[in-house]
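Chemist: File follows, protein20.txt with compact mmCIF, C-alpha atoms and all ligand atoms:
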# COMPACT_ATOMS: atom_id res chain seq x y z
CA MET A 425 67.01 -24.53 -13.78
CA ASN A 426 64.48 -21.76 -14.38
CA MET A 427 61.93 -20.36 -11.93
CA ASP A 428 59.17 -22.60 -13.24
CA GLN A 429 61.24 -25.73 -12.70
CA TYR A 430 62.32 -24.52 -9.25
CA LEU A 431 58.70 -23.96 -8.22
CA ARG A 432 57.65 -27.37 -9.48
CA ARG A 433 60.58 -29.11 -7.80
CA LEU A 434 60.09 -27.51 -4.39
CA PRO A 435 59.00 -30.23 -1.95
CA LYS A 436 55.35 -29.68 -1.01
CA VAL A 437 52.40 -30.71 1.08
CA ASP A 438 48.78 -30.46 -0.05
CA LEU A 439 46.27 -30.41 2.80
CA HIS A 440 43.11 -29.88 0.81
CA PHE A 441 42.33 -32.11 -2.08
CA HIS A 442 39.39 -34.34 -2.70
CA LEU A 443 40.07 -37.84 -3.96
CA ALA A 444 36.93 -37.83 -6.14
CA GLY A 445 38.26 -34.61 -7.66
CA THR A 446 41.61 -36.07 -8.73
CA LEU A 447 40.60 -38.36 -11.63
CA GLN A 448 42.14 -37.62 -15.00
CA PRO A 449 39.36 -37.80 -17.63
CA ARG A 450 40.73 -41.05 -19.03
CA THR A 451 40.60 -42.78 -15.65
CA LEU A 452 37.10 -41.40 -15.14
CA PHE A 453 35.87 -42.72 -18.50
CA ASP A 454 37.47 -46.08 -17.78
CA LEU A 455 35.77 -46.44 -14.40
CA ALA A 456 32.44 -45.11 -15.70
CA ARG A 457 32.42 -47.69 -18.49
CA LYS A 458 33.47 -50.50 -16.16
CA ASN A 459 30.76 -49.67 -13.64
CA GLY A 460 28.02 -48.69 -16.09
CA VAL A 461 27.68 -45.05 -15.05
CA ASN A 462 26.33 -42.53 -17.53
CA LEU A 463 28.39 -39.33 -17.56
CA PRO A 464 27.08 -35.87 -18.64
CA ASN A 465 29.47 -36.16 -21.64
CA TRP A 466 32.43 -38.28 -22.76
CA ASP A 467 34.63 -35.54 -24.13
CA GLU A 468 37.97 -35.06 -22.36
CA THR A 469 37.92 -31.36 -23.16
CA LYS A 470 34.38 -30.77 -21.86
CA ILE A 471 33.84 -33.09 -18.92
CA TYR A 472 35.41 -30.57 -16.52
CA ASP A 473 33.66 -27.50 -17.94
CA PHE A 474 31.22 -26.21 -15.33
CA ARG A 475 28.36 -23.72 -15.47
CA ASP A 476 28.80 -22.82 -11.81
CA PHE A 477 29.78 -24.20 -8.41
CA TYR A 478 26.58 -26.23 -8.08
CA ASP A 479 27.09 -27.82 -11.51
CA PHE A 480 30.63 -28.72 -10.39
CA LEU A 481 29.27 -30.40 -7.24
CA GLU A 482 26.85 -32.46 -9.33
CA VAL A 483 29.66 -33.68 -11.60
CA LEU A 484 31.74 -34.52 -8.53
CA GLU A 485 28.95 -36.68 -7.15
CA CYS A 486 28.61 -38.39 -10.53
CA ILE A 487 32.36 -39.12 -10.53
CA ALA A 488 32.08 -40.64 -7.07
CA ARG A 489 29.45 -43.06 -8.39
CA CYS A 490 32.08 -44.40 -10.84
CA ILE A 491 34.32 -45.57 -7.94
CA VAL A 492 32.83 -48.83 -6.75
CA SER A 493 35.18 -51.70 -5.91
CA LYS A 494 38.03 -51.69 -3.41
CA GLY A 495 40.37 -51.85 -6.42
CA ASP A 496 38.72 -48.73 -7.92
CA PHE A 497 39.33 -46.80 -4.69
CA ALA A 498 42.95 -48.01 -4.63
CA ARG A 499 43.45 -46.94 -8.24
CA VAL A 500 42.11 -43.45 -7.55
CA SER A 501 44.31 -42.74 -4.52
CA TYR A 502 47.37 -44.28 -6.21
CA GLU A 503 46.99 -42.16 -9.35
CA ALA A 504 46.25 -39.00 -7.35
CA MET A 505 49.51 -39.34 -5.44
CA ARG A 506 51.51 -40.46 -8.48
CA ASP A 507 50.32 -37.47 -10.53
CA ALA A 508 51.00 -34.95 -7.77
CA ALA A 509 54.43 -36.39 -6.99
CA ARG A 510 55.39 -36.16 -10.66
CA ALA A 511 53.86 -32.75 -11.41
CA GLY A 512 54.96 -30.89 -8.30
CA ASN A 513 57.13 -33.00 -5.98
CA LEU A 514 54.30 -33.60 -3.54
CA ARG A 515 55.74 -35.26 -0.46
CA TYR A 516 52.83 -35.39 1.96
CA ALA A 517 49.05 -34.96 1.62
CA GLU A 518 45.90 -35.03 3.70
CA LEU A 519 43.10 -36.08 1.35
CA PHE A 520 39.35 -35.73 1.63
CA PHE A 521 36.82 -38.34 0.66
CA ASN A 522 33.04 -38.35 1.08
CA PRO A 523 31.67 -41.66 2.38
CA GLN A 524 28.14 -40.33 1.84
CA TYR A 525 28.65 -40.22 -1.93
CA HIS A 526 29.15 -43.99 -1.88
CA TYR A 527 26.64 -45.25 0.70
CA PRO A 528 23.68 -45.14 -1.77
CA GLN A 529 25.52 -47.71 -3.94
CA GLY A 530 25.69 -50.04 -0.94
CA ILE A 531 29.45 -49.55 -0.54
CA SER A 532 30.70 -50.03 3.01
CA TYR A 533 32.99 -47.57 4.77
CA ALA A 534 35.58 -50.37 5.10
CA THR A 535 35.64 -50.94 1.32
CA MET A 536 36.31 -47.27 0.56
CA VAL A 537 38.77 -46.53 3.32
CA ASP A 538 40.76 -49.75 2.92
CA GLY A 539 40.81 -49.31 -0.87
CA TYR A 540 42.10 -45.77 -0.54
CA ILE A 541 44.70 -46.89 2.02
CA GLU A 542 45.90 -49.65 -0.32
CA GLY A 543 46.49 -47.07 -3.07
CA LEU A 544 48.26 -44.70 -0.68
CA GLU A 545 50.58 -47.44 0.52
CA ALA A 546 51.46 -48.47 -3.03
CA ALA A 547 52.11 -44.84 -4.03
CA GLN A 548 54.31 -44.33 -0.98
CA LYS A 549 56.40 -47.33 -2.04
CA ASP A 550 56.66 -46.23 -5.68
CA PHE A 551 56.98 -42.44 -5.32
CA GLY A 552 57.95 -41.71 -1.69
CA VAL A 553 54.84 -39.60 -1.10
CA GLU A 554 52.80 -40.10 2.04
CA GLY A 555 49.05 -39.64 2.34
CA ARG A 556 46.56 -39.55 5.19
CA LEU A 557 42.79 -39.39 4.96
CA ILE A 558 40.05 -37.01 6.07
CA PRO A 559 36.48 -38.31 5.70
CA SER A 560 34.32 -35.33 4.83
CA ILE A 561 30.68 -34.66 5.72
CA ASN A 562 28.35 -33.79 2.85
CA ARG A 563 26.69 -30.88 4.67
CA GLU A 564 23.74 -30.89 2.25
CA LEU A 565 22.48 -34.15 3.77
CA GLY A 566 21.97 -32.71 7.25
CA ALA A 567 22.99 -33.38 10.84
CA GLY A 568 21.53 -36.88 11.28
CA ALA A 569 23.29 -38.29 8.22
CA ALA A 570 26.54 -36.62 9.33
CA LEU A 571 26.30 -38.29 12.73
CA ASP A 572 25.74 -41.67 11.10
CA MET A 573 28.82 -41.16 8.97
CA VAL A 574 31.03 -40.06 11.87
CA ARG A 575 29.81 -43.05 13.87
CA ASP A 576 30.99 -45.26 10.99
CA VAL A 577 34.38 -43.50 10.93
CA VAL A 578 35.08 -43.62 14.67
CA GLY A 579 33.77 -47.19 14.92
CA GLN A 580 36.33 -48.41 12.37
CA PRO A 581 39.51 -46.49 13.17
CA ARG A 582 42.47 -46.64 10.81
CA ASP A 583 45.92 -45.15 11.48
CA ARG A 584 45.81 -43.20 8.24
CA VAL A 585 42.44 -41.59 9.02
CA ILE A 586 43.38 -38.54 11.04
CA GLY A 587 40.60 -35.99 10.82
CA LEU A 588 37.09 -34.91 9.92
CA GLY A 589 36.12 -32.40 7.22
CA MET A 590 32.94 -30.98 5.72
CA ASP A 591 32.18 -29.77 2.19
CA CYS A 592 29.50 -29.13 -0.48
CA ALA A 593 27.07 -26.17 -0.54
CA GLU A 594 27.50 -24.12 2.63
CA TYR A 595 24.06 -22.50 2.73
CA LYS A 596 22.44 -25.94 2.70
CA GLY A 597 24.26 -27.04 5.83
CA LYS A 598 25.48 -24.28 8.10
CA PRO A 599 28.24 -25.10 10.59
CA HIS A 600 26.13 -24.86 13.78
CA LEU A 601 24.07 -27.88 12.67
CA PHE A 602 27.05 -30.21 12.98
CA VAL A 603 28.13 -29.59 16.59
CA GLU A 604 27.34 -33.14 17.67
CA ALA A 605 29.12 -34.81 14.74
CA TYR A 606 32.26 -32.74 15.33
CA ALA A 607 32.18 -33.40 19.09
CA MET A 608 32.03 -37.14 18.42
CA ALA A 609 35.01 -36.91 16.06
CA ARG A 610 37.07 -34.83 18.49
CA LYS A 611 36.29 -37.22 21.32
CA ALA A 612 37.67 -40.05 19.18
CA GLY A 613 40.93 -38.11 18.71
CA LEU A 614 40.31 -36.86 15.15
CA ARG A 615 41.45 -33.39 14.13
CA CYS A 616 38.81 -31.13 12.55
CA THR A 617 38.47 -28.82 9.58
CA ALA A 618 35.58 -27.51 7.47
CA HIS A 619 35.02 -25.80 4.13
CA VAL A 620 33.85 -22.31 4.98
CA CYS A 621 33.45 -18.88 3.38
CA GLU A 622 34.15 -20.10 -0.13
CA ASP A 623 34.08 -17.26 -2.66
CA ASN A 624 31.93 -19.02 -5.26
CA GLN A 625 29.06 -18.59 -2.81
CA THR A 626 27.56 -15.23 -1.87
CA LEU A 627 28.19 -13.47 1.44
CA GLU A 628 24.66 -14.43 2.46
CA GLN A 629 25.31 -18.08 1.66
CA ALA A 630 28.79 -18.26 3.17
CA PRO A 631 29.15 -15.34 5.64
CA PRO A 632 32.17 -14.56 7.87
CA SER A 633 30.14 -15.53 10.96
CA HIS A 634 30.44 -19.15 9.80
CA VAL A 635 34.18 -18.95 10.47
CA MET A 636 33.44 -18.01 14.09
CA ASP A 637 31.07 -21.00 14.33
CA CYS A 638 33.72 -23.33 12.92
CA LEU A 639 36.14 -22.14 15.62
CA ASP A 640 33.79 -21.79 18.58
CA LEU A 641 31.18 -24.48 17.97
CA LEU A 642 32.97 -27.13 15.91
CA GLY A 643 36.47 -26.74 17.37
CA CYS A 644 38.16 -26.64 13.97
CA ASP A 645 41.96 -26.88 13.95
CA ARG A 646 42.16 -25.70 10.36
CA LEU A 647 39.86 -24.04 7.78
CA ASP A 648 39.42 -24.79 4.07
CA HIS A 649 39.10 -21.65 1.88
CA GLY A 650 37.91 -18.75 4.09
CA TYR A 651 37.96 -15.96 1.45
CA ASN A 652 34.61 -14.40 2.38
CA MET A 653 35.89 -13.68 5.88
CA LEU A 654 37.60 -10.62 4.34
CA ALA A 655 34.20 -8.89 4.58
CA ASP A 656 34.55 -8.78 8.38
CA PRO A 657 37.85 -7.43 9.76
CA ALA A 658 37.03 -8.75 13.25
CA VAL A 659 36.88 -12.31 11.91
CA VAL A 660 40.14 -11.81 10.02
CA ARG A 661 41.78 -10.50 13.22
CA ARG A 662 40.53 -13.50 15.18
CA CYS A 663 42.01 -15.93 12.64
CA ARG A 664 45.26 -14.02 12.43
CA ASP A 665 45.62 -13.86 16.21
CA CYS A 666 44.94 -17.56 16.79
CA GLY A 667 47.17 -18.49 13.81
CA ILE A 668 44.74 -21.04 12.40
CA ALA A 669 45.85 -22.30 8.98
CA CYS A 670 43.59 -21.74 5.96
CA THR A 671 44.05 -24.02 2.95
CA VAL A 672 43.61 -21.70 -0.04
CA GLY A 673 43.38 -22.62 -3.71
CA THR A 674 44.88 -20.78 -6.69
CA HIS A 675 42.27 -22.42 -8.93
CA THR A 676 38.53 -22.91 -8.78
CA CYS A 677 35.75 -24.47 -10.83
CA ILE A 678 35.11 -21.40 -13.02
CA ALA A 679 38.08 -19.89 -14.87
CA SER A 680 36.52 -16.40 -14.96
CA ARG A 681 36.51 -16.33 -11.15
CA MET A 682 40.20 -16.92 -10.76
CA GLN A 683 41.23 -13.23 -10.70
CA LYS A 684 38.86 -12.61 -7.79
CA ARG A 685 40.34 -15.63 -6.00
CA TRP A 686 43.90 -14.33 -6.41
CA ASP A 687 42.86 -10.89 -5.15
CA SER A 688 41.37 -12.54 -2.06
CA VAL A 689 44.39 -14.73 -1.41
CA ARG A 690 46.67 -11.70 -1.73
CA LYS A 691 44.52 -9.77 0.77
CA MET A 692 44.52 -12.70 3.17
CA ARG A 693 48.32 -12.88 2.99
CA ASP A 694 48.62 -9.13 3.48
CA ALA A 695 46.35 -9.42 6.54
CA GLY A 696 48.84 -11.82 8.13
CA LEU A 697 46.72 -14.95 7.90
CA ASN A 698 48.42 -18.34 8.02
CA LEU A 699 47.90 -19.73 4.50
CA THR A 700 48.85 -22.98 2.83
CA LEU A 701 48.42 -23.58 -0.91
CA ALA A 702 46.12 -26.42 -1.94
CA THR A 703 44.77 -27.82 -5.21
CA ASP A 704 41.23 -28.81 -4.10
CA ASP A 705 40.18 -30.79 -7.21
CA PRO A 706 43.28 -30.57 -9.42
CA PRO A 707 42.32 -31.88 -12.91
CA MET A 708 38.78 -30.56 -12.51
CA PHE A 709 40.17 -27.06 -11.92
CA GLY A 710 42.99 -27.33 -14.46
CA THR A 711 45.86 -27.42 -12.01
CA ASP A 712 48.28 -29.60 -10.08
CA ILE A 713 50.35 -28.79 -7.00
CA GLY A 714 53.31 -27.67 -9.14
CA GLN A 715 51.11 -25.41 -11.28
CA SER A 716 49.54 -23.90 -8.17
CA TYR A 717 52.96 -22.72 -6.97
CA VAL A 718 53.74 -21.38 -10.46
CA THR A 719 50.43 -19.51 -10.40
CA ALA A 720 51.13 -18.14 -6.94
CA HIS A 721 54.47 -16.84 -8.22
CA GLU A 722 52.89 -15.23 -11.29
CA TRP A 723 49.72 -13.82 -9.76
CA LEU A 724 50.57 -13.25 -6.12
CA GLY A 725 54.13 -12.15 -6.84
CA LEU A 726 55.72 -14.78 -4.59
CA SER A 727 59.52 -14.72 -4.80
CA ALA A 728 61.60 -17.91 -4.83
CA ALA A 729 62.30 -17.54 -1.10
CA GLU A 730 58.65 -16.79 -0.28
CA ALA A 731 57.52 -19.85 -2.23
CA ALA A 732 59.96 -21.99 -0.23
CA ASP A 733 58.71 -20.44 3.03
CA LEU A 734 55.14 -21.22 1.98
CA ALA A 735 56.05 -24.85 1.30
CA LEU A 736 57.71 -25.06 4.72
CA ALA A 737 54.76 -23.38 6.45
CA GLY A 738 52.60 -26.12 4.94
CA VAL A 739 54.51 -28.68 7.01
CA ASP A 740 53.54 -26.84 10.20
CA ALA A 741 49.89 -26.84 9.13
CA THR A 742 49.79 -30.64 8.75
CA TRP A 743 48.31 -32.91 11.37
CA LEU A 744 51.53 -34.88 11.73
CA ASP A 745 52.86 -35.23 15.27
CA ASP A 746 55.73 -33.01 16.40
CA GLY A 747 58.47 -35.56 15.65
CA GLU A 748 57.11 -36.29 12.17
CA LYS A 749 56.84 -32.56 11.46
CA ARG A 750 60.44 -32.02 12.55
CA ASP A 751 61.64 -34.80 10.24
CA LEU A 752 59.61 -33.56 7.27
CA ARG A 753 60.73 -29.99 7.88
CA ARG A 754 64.36 -31.05 7.95
CA SER A 755 64.06 -32.99 4.70
CA PHE A 756 62.22 -30.05 3.05
CA SER A 757 64.93 -27.62 4.24
CA ASP A 758 67.72 -29.79 2.83
CA GLU A 759 65.96 -30.16 -0.51
CA ILE A 760 65.16 -26.44 -0.69
CA ALA A 761 68.77 -25.47 0.05
CA ALA A 762 69.98 -27.70 -2.80
CA LEU A 763 67.37 -26.25 -5.18
CA LYS A 764 68.18 -22.65 -4.28
CA ALA A 765 71.82 -23.32 -5.07
CA GLU A 766 70.81 -24.27 -8.61
CA LEU A 767 68.64 -21.19 -9.16
CA PRO A 768 70.17 -18.04 -10.68
CA ALA A 769 70.20 -15.17 -8.11
CA GLN A 770 66.76 -13.57 -7.75
CA PRO A 771 66.72 -9.78 -7.39
CA ALA A 772 63.74 -9.92 -5.01
CA ASP A 773 65.58 -12.29 -2.68
CA GLY A 774 68.64 -10.04 -2.33
N1 LIG B 801 34.00 -26.73 -1.90
C1 LIG B 801 32.90 -27.38 -1.54
N2 LIG B 801 32.73 -28.65 -1.79
C2 LIG B 801 33.69 -29.31 -2.43
C3 LIG B 801 34.83 -28.69 -2.83
C4 LIG B 801 35.01 -27.36 -2.53
O1 LIG B 801 36.05 -26.75 -2.82
N3 LIG B 801 35.61 -29.59 -3.46
C5 LIG B 801 34.95 -30.76 -3.41
N4 LIG B 801 33.78 -30.59 -2.78
ZN ZN B 802 37.50 -28.49 -1.27
Show how you would write the structure in this file as structure tokens.

Modeler:
Amino acid sequence: MNMDQYLRRLPKVDLHFHLAGTLQPRTLFDLARKNGVNLPNWDETKIYDFRDFYDFLEVLECIARCIVSKGDFARVSYEAMRDAARAGNLRYAELFFNPQYHYPQGISYATMVDGYIEGLEAAQKDFGVEGRLIPSINRELGAGAALDMVRDVVGQPRDRVIGLGMDCAEYKGKPHLFVEAYAMARKAGLRCTAHVCEDNQTLEQAPPSHVMDCLDLLGCDRLDHGYNMLADPAVVRRCRDCGIACTVGTHTCIASRMQKRWDSVRKMRDAGLNLTLATDDPPMFGTDIGQSYVTAHEWLGLSAAEAADLALAGVDATWLDDGEKRDLRRSFSDEIAALKAELPAQPADG
């Protein structure tokens, strides 16, 4: 077994990926045809080519319009988990979906969430990978629409729905606007996270102060991205000291921005932040959870032991309860020990 195979076979969690961002082009074209949606192009090699972050968000919304029936939702979550289990031994995931992308088509929250759950259950049976769901606020639509969505979520609880997230363009919906929506979610027992300080937005659009607002005003238990916080050492210190986990991606929507991303992730690690690797929108960004660990090895210089520690740290960053975490940790540790035994000795690991 070589290093690449070891990294792919490590058991993993992924706590930040968007179901609408997991469609392989062929599945997307299939669903678009079936549901009569016109895509920007029908070329497998071009459909996930983006001009910038805002272009990417538009394509994502267009993809969401292709997912219509309960069976479509089930297909998407099933294939997402199947692909990640095969490509990188994904064992557990917390997946985002945006109800607000689907409301304009007259799709009920129950249709989407129950469809997604059906796909997760089937994937768990077939591939042994478990998934839970995080409905995510589209911050661009404002506070009132967010409250309506959270009301829908808390009014129709499902065991697999465990948290609330928030994504899309940060400058169009700053964290402080969503205090009420987050309070309602927390009161209903949901855990909370938010996309914040993403590096494909400027420091003015996504400033470090937004991290403070996510912690102090929204009560976030976890943060998605966080790179721009590096501009303010006091914010970095706060996150390091409270140990909050940041889900960081090795890939983003624009290939030319990847080097900057890796530099940021390396700095965040060096600053002692609690990081967990995530794929975000895997086929759209040209990755999968196995490839993300390979990239972290190549570009962040992670050794075999450090990669295993990162996979294990991911378990602690999940929103599983303590008993479930203990069980998952134990099964990861056993699998990792067996894998390490197959790997030729690594100089960096002594
Ligand atoms: N950032 C903001 N919005 C998103 C993302 C992201 O990484 N992925 C899907 N929607
Ligand atoms: Zn994301």

Chemist: Neighbours of ligand LIG 801 (chain B) within 6 Å, counting all atoms listed in the file, as a PDB file with C-alpha atoms, in the frame of the given file?

Modeler:
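Below is the file that was written, part_19.pdb:
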ATOM      1  CA  HIS A 442      39.390 -34.340  -2.700  1.00  0.00           C
ATOM      2  CA  ASP A 591      32.180 -29.770   2.190  1.00  0.00           C
ATOM      3  CA  CYS A 592      29.500 -29.130  -0.480  1.00  0.00           C
ATOM      4  CA  ASP A 704      41.230 -28.810  -4.100  1.00  0.00           C
TER       5      ASP A 704
END

Chemist: Within 12 Å of ligand ZN 802 (chain B) (counting all atoms listed in the file), which residues show up? I'd like them as a ChimeraX atom specification.

Modeler: /A:438-446,477,480-481,484,518-522,558,560-562,589-594,617-624,647-650,670-677,701-706,708-709

Chemist: Could you write those residues out with C-alpha atoms, as a PDB file, keeping the file's coordinate frame?

Modeler:
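So result-v5.pdb came out as:
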ATOM      1  CA  ASP A 438      48.780 -30.460  -0.050  1.00  0.00           C
ATOM      2  CA  LEU A 439      46.270 -30.410   2.800  1.00  0.00           C
ATOM      3  CA  HIS A 440      43.110 -29.880   0.810  1.00  0.00           C
ATOM      4  CA  PHE A 441      42.330 -32.110  -2.080  1.00  0.00           C
ATOM      5  CA  HIS A 442      39.390 -34.340  -2.700  1.00  0.00           C
ATOM      6  CA  LEU A 443      40.070 -37.840  -3.960  1.00  0.00           C
ATOM      7  CA  ALA A 444      36.930 -37.830  -6.140  1.00  0.00           C
ATOM      8  CA  GLY A 445      38.260 -34.610  -7.660  1.00  0.00           C
ATOM      9  CA  THR A 446      41.610 -36.070  -8.730  1.00  0.00           C
ATOM     10  CA  PHE A 477      29.780 -24.200  -8.410  1.00  0.00           C
ATOM     11  CA  PHE A 480      30.630 -28.720 -10.390  1.00  0.00           C
ATOM     12  CA  LEU A 481      29.270 -30.400  -7.240  1.00  0.00           C
ATOM     13  CA  LEU A 484      31.740 -34.520  -8.530  1.00  0.00           C
ATOM     14  CA  GLU A 518      45.900 -35.030   3.700  1.00  0.00           C
ATOM     15  CA  LEU A 519      43.100 -36.080   1.350  1.00  0.00           C
ATOM     16  CA  PHE A 520      39.350 -35.730   1.630  1.00  0.00           C
ATOM     17  CA  PHE A 521      36.820 -38.340   0.660  1.00  0.00           C
ATOM     18  CA  ASN A 522      33.040 -38.350   1.080  1.00  0.00           C
ATOM     19  CA  ILE A 558      40.050 -37.010   6.070  1.00  0.00           C
ATOM     20  CA  SER A 560      34.320 -35.330   4.830  1.00  0.00           C
ATOM     21  CA  ILE A 561      30.680 -34.660   5.720  1.00  0.00           C
ATOM     22  CA  ASN A 562      28.350 -33.790   2.850  1.00  0.00           C
ATOM     23  CA  GLY A 589      36.120 -32.400   7.220  1.00  0.00           C
ATOM     24  CA  MET A 590      32.940 -30.980   5.720  1.00  0.00           C
ATOM     25  CA  ASP A 591      32.180 -29.770   2.190  1.00  0.00           C
ATOM     26  CA  CYS A 592      29.500 -29.130  -0.480  1.00  0.00           C
ATOM     27  CA  ALA A 593      27.070 -26.170  -0.540  1.00  0.00           C
ATOM     28  CA  GLU A 594      27.500 -24.120   2.630  1.00  0.00           C
ATOM     29  CA  THR A 617      38.470 -28.820   9.580  1.00  0.00           C
ATOM     30  CA  ALA A 618      35.580 -27.510   7.470  1.00  0.00           C
ATOM     31  CA  HIS A 619      35.020 -25.800   4.130  1.00  0.00           C
ATOM     32  CA  VAL A 620      33.850 -22.310   4.980  1.00  0.00           C
ATOM     33  CA  CYS A 621      33.450 -18.880   3.380  1.00  0.00           C
ATOM     34  CA  GLU A 622      34.150 -20.100  -0.130  1.00  0.00           C
ATOM     35  CA  ASP A 623      34.080 -17.260  -2.660  1.00  0.00           C
ATOM     36  CA  ASN A 624      31.930 -19.020  -5.260  1.00  0.00           C
ATOM     37  CA  LEU A 647      39.860 -24.040   7.780  1.00  0.00           C
ATOM     38  CA  ASP A 648      39.420 -24.790   4.070  1.00  0.00           C
ATOM     39  CA  HIS A 649      39.100 -21.650   1.880  1.00  0.00           C
ATOM     40  CA  GLY A 650      37.910 -18.750   4.090  1.00  0.00           C
ATOM     41  CA  CYS A 670      43.590 -21.740   5.960  1.00  0.00           C
ATOM     42  CA  THR A 671      44.050 -24.020   2.950  1.00  0.00           C
ATOM     43  CA  VAL A 672      43.610 -21.700  -0.040  1.00  0.00           C
ATOM     44  CA  GLY A 673      43.380 -22.620  -3.710  1.00  0.00           C
ATOM     45  CA  THR A 674      44.880 -20.780  -6.690  1.00  0.00           C
ATOM     46  CA  HIS A 675      42.270 -22.420  -8.930  1.00  0.00           C
ATOM     47  CA  THR A 676      38.530 -22.910  -8.780  1.00  0.00           C
ATOM     48  CA  CYS A 677      35.750 -24.470 -10.830  1.00  0.00           C
ATOM     49  CA  LEU A 701      48.420 -23.580  -0.910  1.00  0.00           C
ATOM     50  CA  ALA A 702      46.120 -26.420  -1.940  1.00  0.00           C
ATOM     51  CA  THR A 703      44.770 -27.820  -5.210  1.00  0.00           C
ATOM     52  CA  ASP A 704      41.230 -28.810  -4.100  1.00  0.00           C
ATOM     53  CA  ASP A 705      40.180 -30.790  -7.210  1.00  0.00           C
ATOM     54  CA  PRO A 706      43.280 -30.570  -9.420  1.00  0.00           C
ATOM     55  CA  MET A 708      38.780 -30.560 -12.510  1.00  0.00           C
ATOM     56  CA  PHE A 709      40.170 -27.060 -11.920  1.00  0.00           C
TER      57      PHE A 709
END

Chemist: Env of stretch 744-751 of chain A: 12 Å cut, atoms = only C-alpha atoms, seq-sep filter 5 positions within chain, self excluded. Answer as number ranges by chain.

Modeler: A: 437, 439, 516-518, 554-557, 583-587, 614-615, 736-739, 756-758

Chemist: Quick one, how far is atom CA of A:Val492 from atom CA of A:His526?

Modeler: 7.8 Å

Chemist: Take atom CA of A:Cys486 and atom CA of A:Thr700 and report the distance between them in Å, one decimal.

Modeler: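 Taking atom CA of A:Cys486 and atom CA of A:Thr700, their separation equals 28.7 Å.
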
Chemist: How many Å separate atom CA of A:Lys596 from atom CA of A:Met636?

Modeler: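 Interatomic distance, atom CA of A:Lys596 to atom CA of A:Met636: 17.7 Å.
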
Chemist: My list of candidates is A:Arg515, A:Lys549, A:Arg475, A:Arg450. Which is closest to A:Ala735 when distances are computed with all atoms listed in the file?

Modeler: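 Using all atoms listed in the file, A:Ala735 sits closest to A:Arg515.
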
Chemist: Using all atoms listed in the file, can you tell me which of A:Gln529, A:Thr719, A:Gln524, A:Gln625 comes closest to A:Asn459?

Modeler: A:Gln529

Chemist: Between A:Leu434, A:Cys616, A:Ile531, A:Leu455, single out the one closest to A:Leu639, counting all atoms listed in the file.

Modeler: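 Smallest separation from A:Leu639 among the options: A:Cys616.
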
Chemist: Please return as a list in words every residue within 9 Å of (56.8, -20.6, -4.1), taking into account all atoms listed in the file and the file's own coordinates.

Modeler: Tyr430, Leu431, Arg432, Leu434, Ser716, Tyr717, Val718, Ala720, His721, Leu726, Ser727, Ala728, Ala729, Glu730, Ala731, Ala732, Asp733, Leu734 and Ala735 of chain A
